[in-house]
Amino acid sequence: MLIAELDDVSIRRITTAEETDRWRAGFIGAYQTVFSGFPYFERFYPSEAEGVFRQLTRTPEHITLVATRGQSQVVGFAAAIPLTAKPDVATHLTGLVPARHTFYLAELGVLEPWRGRQAGRSMVRERLRLIDPECYSHVVLRVSMNHTPSGEMYKAMGFEEMGVYQDVSAMRTDGKVTTDRRMFLSKLLSQVPLD
């Protein structure tokens, strides 16, 4: 489903099985490429990236977006899921946000040639717009501790550091498994009492 148009990129929301099939391969390639670069340098095999895509698109209430060019090229992706669907993250945030009323911005990536053209910022805005403020009061995400353009973008969009960190172990592009530290950012969506 087309939800936004930039100069040469279309932002689409994946909502049907047909759209899932259509954009799966492009997501896999973009995911592998984005996370193999700075700051993560992670190695994902196609089956692992496909597993991420499958898990995201099967999560109830998911918001999965792709930034596309033409009929098949994926140049970026973004996803958001209820925090309760990501228990390892929810555990770190216990007592800080109401887990049942918090959305987690799970993924964001834009291929290098299309960075700085507003695709990432547009996908953040669209995810925030699509989260139901009648059900969810908060949104959280996790970013690298390294100063990155994406971390700065989120802060410029009103996200604040929570003072909570998580160490993530992953296979790196050099074949080694190492751990990096990531910080959580949050944003208040609504002040409507939900319970």
# chains A, B, ... in the order shown; residues from 1 in each chain; ligands from 1
>>> residues_around(residues="A:Thr84", least_positions_apart="4", cutoff="8 Å", atoms="only C-alpha atoms", output="number ranges by chain")
A: 90, 99-100, 102
>>> closest_atom_pairs(of="stretch 131-182 of chain A", to="stretch 105-113 of chain A", cutoff="8 Å", atoms="only C-alpha atoms", output="Markdown table")
| residue | atom | partner | partner_atom | distance |
| --- | --- | --- | --- | --- |
| A:Val139 | CA | A:Leu105 | CA | 7.1 |
| A:Val140 | CA | A:Leu105 | CA | 6.2 |
| A:Leu141 | CA | A:Leu105 | CA | 5.0 |
| A:Arg142 | CA | A:Ala106 | CA | 7.8 |
>>> write_last_selection(atoms="C-alpha atoms", output="short mmCIF file (atom, residue, chain, number, x, y, z; two decimals), in the first residue's frame")
data_model
loop_
_atom_site.label_atom_id
_atom_site.label_comp_id
_atom_site.auth_asym_id
_atom_site.auth_seq_id
_atom_site.Cartn_x
_atom_site.Cartn_y
_atom_site.Cartn_z
CA VAL A 139 7.32 4.64 21.62
CA VAL A 140 10.86 3.38 22.23
CA LEU A 141 13.82 2.37 20.10
CA ARG A 142 17.41 1.22 20.42
#
>>> closest_atom_pairs(of="stretch 42-141 of chain A", to="stretch 163-176 of chain A", cutoff="9 Å", atoms="only C-alpha atoms", output="CSV")
residue,atom,partner,partner_atom,distance
A:Glu42,CA,A:Arg172,CA,4.2
A:Arg43,CA,A:Thr173,CA,4.9
A:Phe44,CA,A:Met171,CA,7.8
A:Val89,CA,A:Gln166,CA,8.4
A:His92,CA,A:Val164,CA,7.5
A:Leu93,CA,A:Val164,CA,7.6
>>> closest_residue(among="A:Phe38, A:Gln191, A:Ser72, A:Trp23", to="A:His147", atoms="only C-alpha atoms")
A:Phe38
>>> residues_around(residues="A:Glu152", least_positions_apart="6", cutoff="12 Å", atoms="only C-alpha atoms", output="list of chain:residue names")
A:Gly120, A:Arg121, A:Val143, A:Ser144, A:Met145, A:Asn146, A:Gly158, A:Phe159, A:Glu160, A:Glu161, A:Leu185
>>> residues_around(residues="A:Leu128", least_positions_apart="5", cutoff="9 Å", atoms="only C-alpha atoms", output="compact mmCIF listing (two decimals) with C-alpha atoms, in the first residue's frame")
# COMPACT_ATOMS: atom_id res chain seq x y z
CA ALA A 80 7.48 -1.13 14.44
CA MET A 123 9.57 6.33 7.52
CA VAL A 139 7.32 4.64 21.62
CA LEU A 189 2.86 9.78 21.93
>>> atom_distance(atom1="atom CA of A:Thr16", atom2="atom CA of A:Pro87")
25.3 Å
>>> atom_distance(atom1="atom CA of A:Ala156", atom2="atom CA of A:Gly116")
14.3 Å
>>> closest_residue(among="A:Pro133, A:Ala30, A:Gln118, A:Ser186", to="A:Tyr104", atoms="only C-alpha atoms")
A:Ser186
>>> residues_around(residues="A:Ala79", least_positions_apart="4", cutoff="12 Å", atoms="only C-alpha atoms", output="PDB file with C-alpha atoms, in the first residue's frame")
ATOM      1  CA  ARG A  12       4.929   1.553   1.054  1.00  0.00           C
ATOM      2  CA  ARG A  13       3.282  -0.237   3.960  1.00  0.00           C
ATOM      3  CA  ILE A  14       3.255  -4.023   3.865  1.00  0.00           C
ATOM      4  CA  THR A  15      -0.177  -5.219   4.953  1.00  0.00           C
ATOM      5  CA  PHE A  27      14.012  -6.344   2.166  1.00  0.00           C
ATOM      6  CA  TYR A  31      18.767  -5.505   5.470  1.00  0.00           C
ATOM      7  CA  VAL A  52      13.594 -11.089  10.724  1.00  0.00           C
ATOM      8  CA  PHE A  53      11.220 -10.087   7.920  1.00  0.00           C
ATOM      9  CA  ARG A  54       8.915 -13.044   8.567  1.00  0.00           C
ATOM     10  CA  GLN A  55       8.802 -12.358  12.305  1.00  0.00           C
ATOM     11  CA  LEU A  56       8.054  -8.667  11.798  1.00  0.00           C
ATOM     12  CA  THR A  57       5.318  -9.177   9.206  1.00  0.00           C
ATOM     13  CA  ARG A  58       3.645 -11.895  11.299  1.00  0.00           C
ATOM     14  CA  THR A  59       3.522  -9.837  14.495  1.00  0.00           C
ATOM     15  CA  GLU A  61      -0.321  -4.800  14.723  1.00  0.00           C
ATOM     16  CA  HIS A  62       3.070  -4.585  12.968  1.00  0.00           C
ATOM     17  CA  ILE A  63       3.917  -1.542  10.913  1.00  0.00           C
ATOM     18  CA  THR A  64       6.382  -2.633   8.244  1.00  0.00           C
ATOM     19  CA  LEU A  65       7.453  -0.113   5.617  1.00  0.00           C
ATOM     20  CA  VAL A  66       9.719  -0.290   2.593  1.00  0.00           C
ATOM     21  CA  ALA A  67      11.207   2.598   0.640  1.00  0.00           C
ATOM     22  CA  PHE A 103       5.372   0.537  20.594  1.00  0.00           C
ATOM     23  CA  TYR A 104       8.927  -0.474  19.655  1.00  0.00           C
ATOM     24  CA  LEU A 105      10.572   0.945  16.538  1.00  0.00           C
ATOM     25  CA  ALA A 106      12.319  -2.317  15.715  1.00  0.00           C
ATOM     26  CA  GLU A 107      14.189  -1.595  12.476  1.00  0.00           C
ATOM     27  CA  LEU A 108      15.270   1.308  10.300  1.00  0.00           C
ATOM     28  CA  GLY A 109      17.734   1.270   7.446  1.00  0.00           C
ATOM     29  CA  GLY A 120      14.572   7.545   6.887  1.00  0.00           C
ATOM     30  CA  MET A 123       9.574   6.327   7.524  1.00  0.00           C
ATOM     31  CA  VAL A 124       9.938   7.420  11.169  1.00  0.00           C
ATOM     32  CA  ARG A 125       7.123   9.979  10.742  1.00  0.00           C
ATOM     33  CA  GLU A 126       4.888   7.423   9.013  1.00  0.00           C
ATOM     34  CA  ARG A 127       5.432   4.815  11.723  1.00  0.00           C
ATOM     35  CA  LEU A 128       4.573   7.366  14.411  1.00  0.00           C
ATOM     36  CA  LEU A 130       0.288   4.836  12.103  1.00  0.00           C
ATOM     37  CA  ILE A 131       0.574   3.940  15.820  1.00  0.00           C
ATOM     38  CA  LEU A 141      13.818   2.368  20.104  1.00  0.00           C
TER      39      LEU A 141
END
>>> atom_distance(atom1="atom CA of A:Gln32", atom2="atom CA of A:Ser122")
21.3 Å
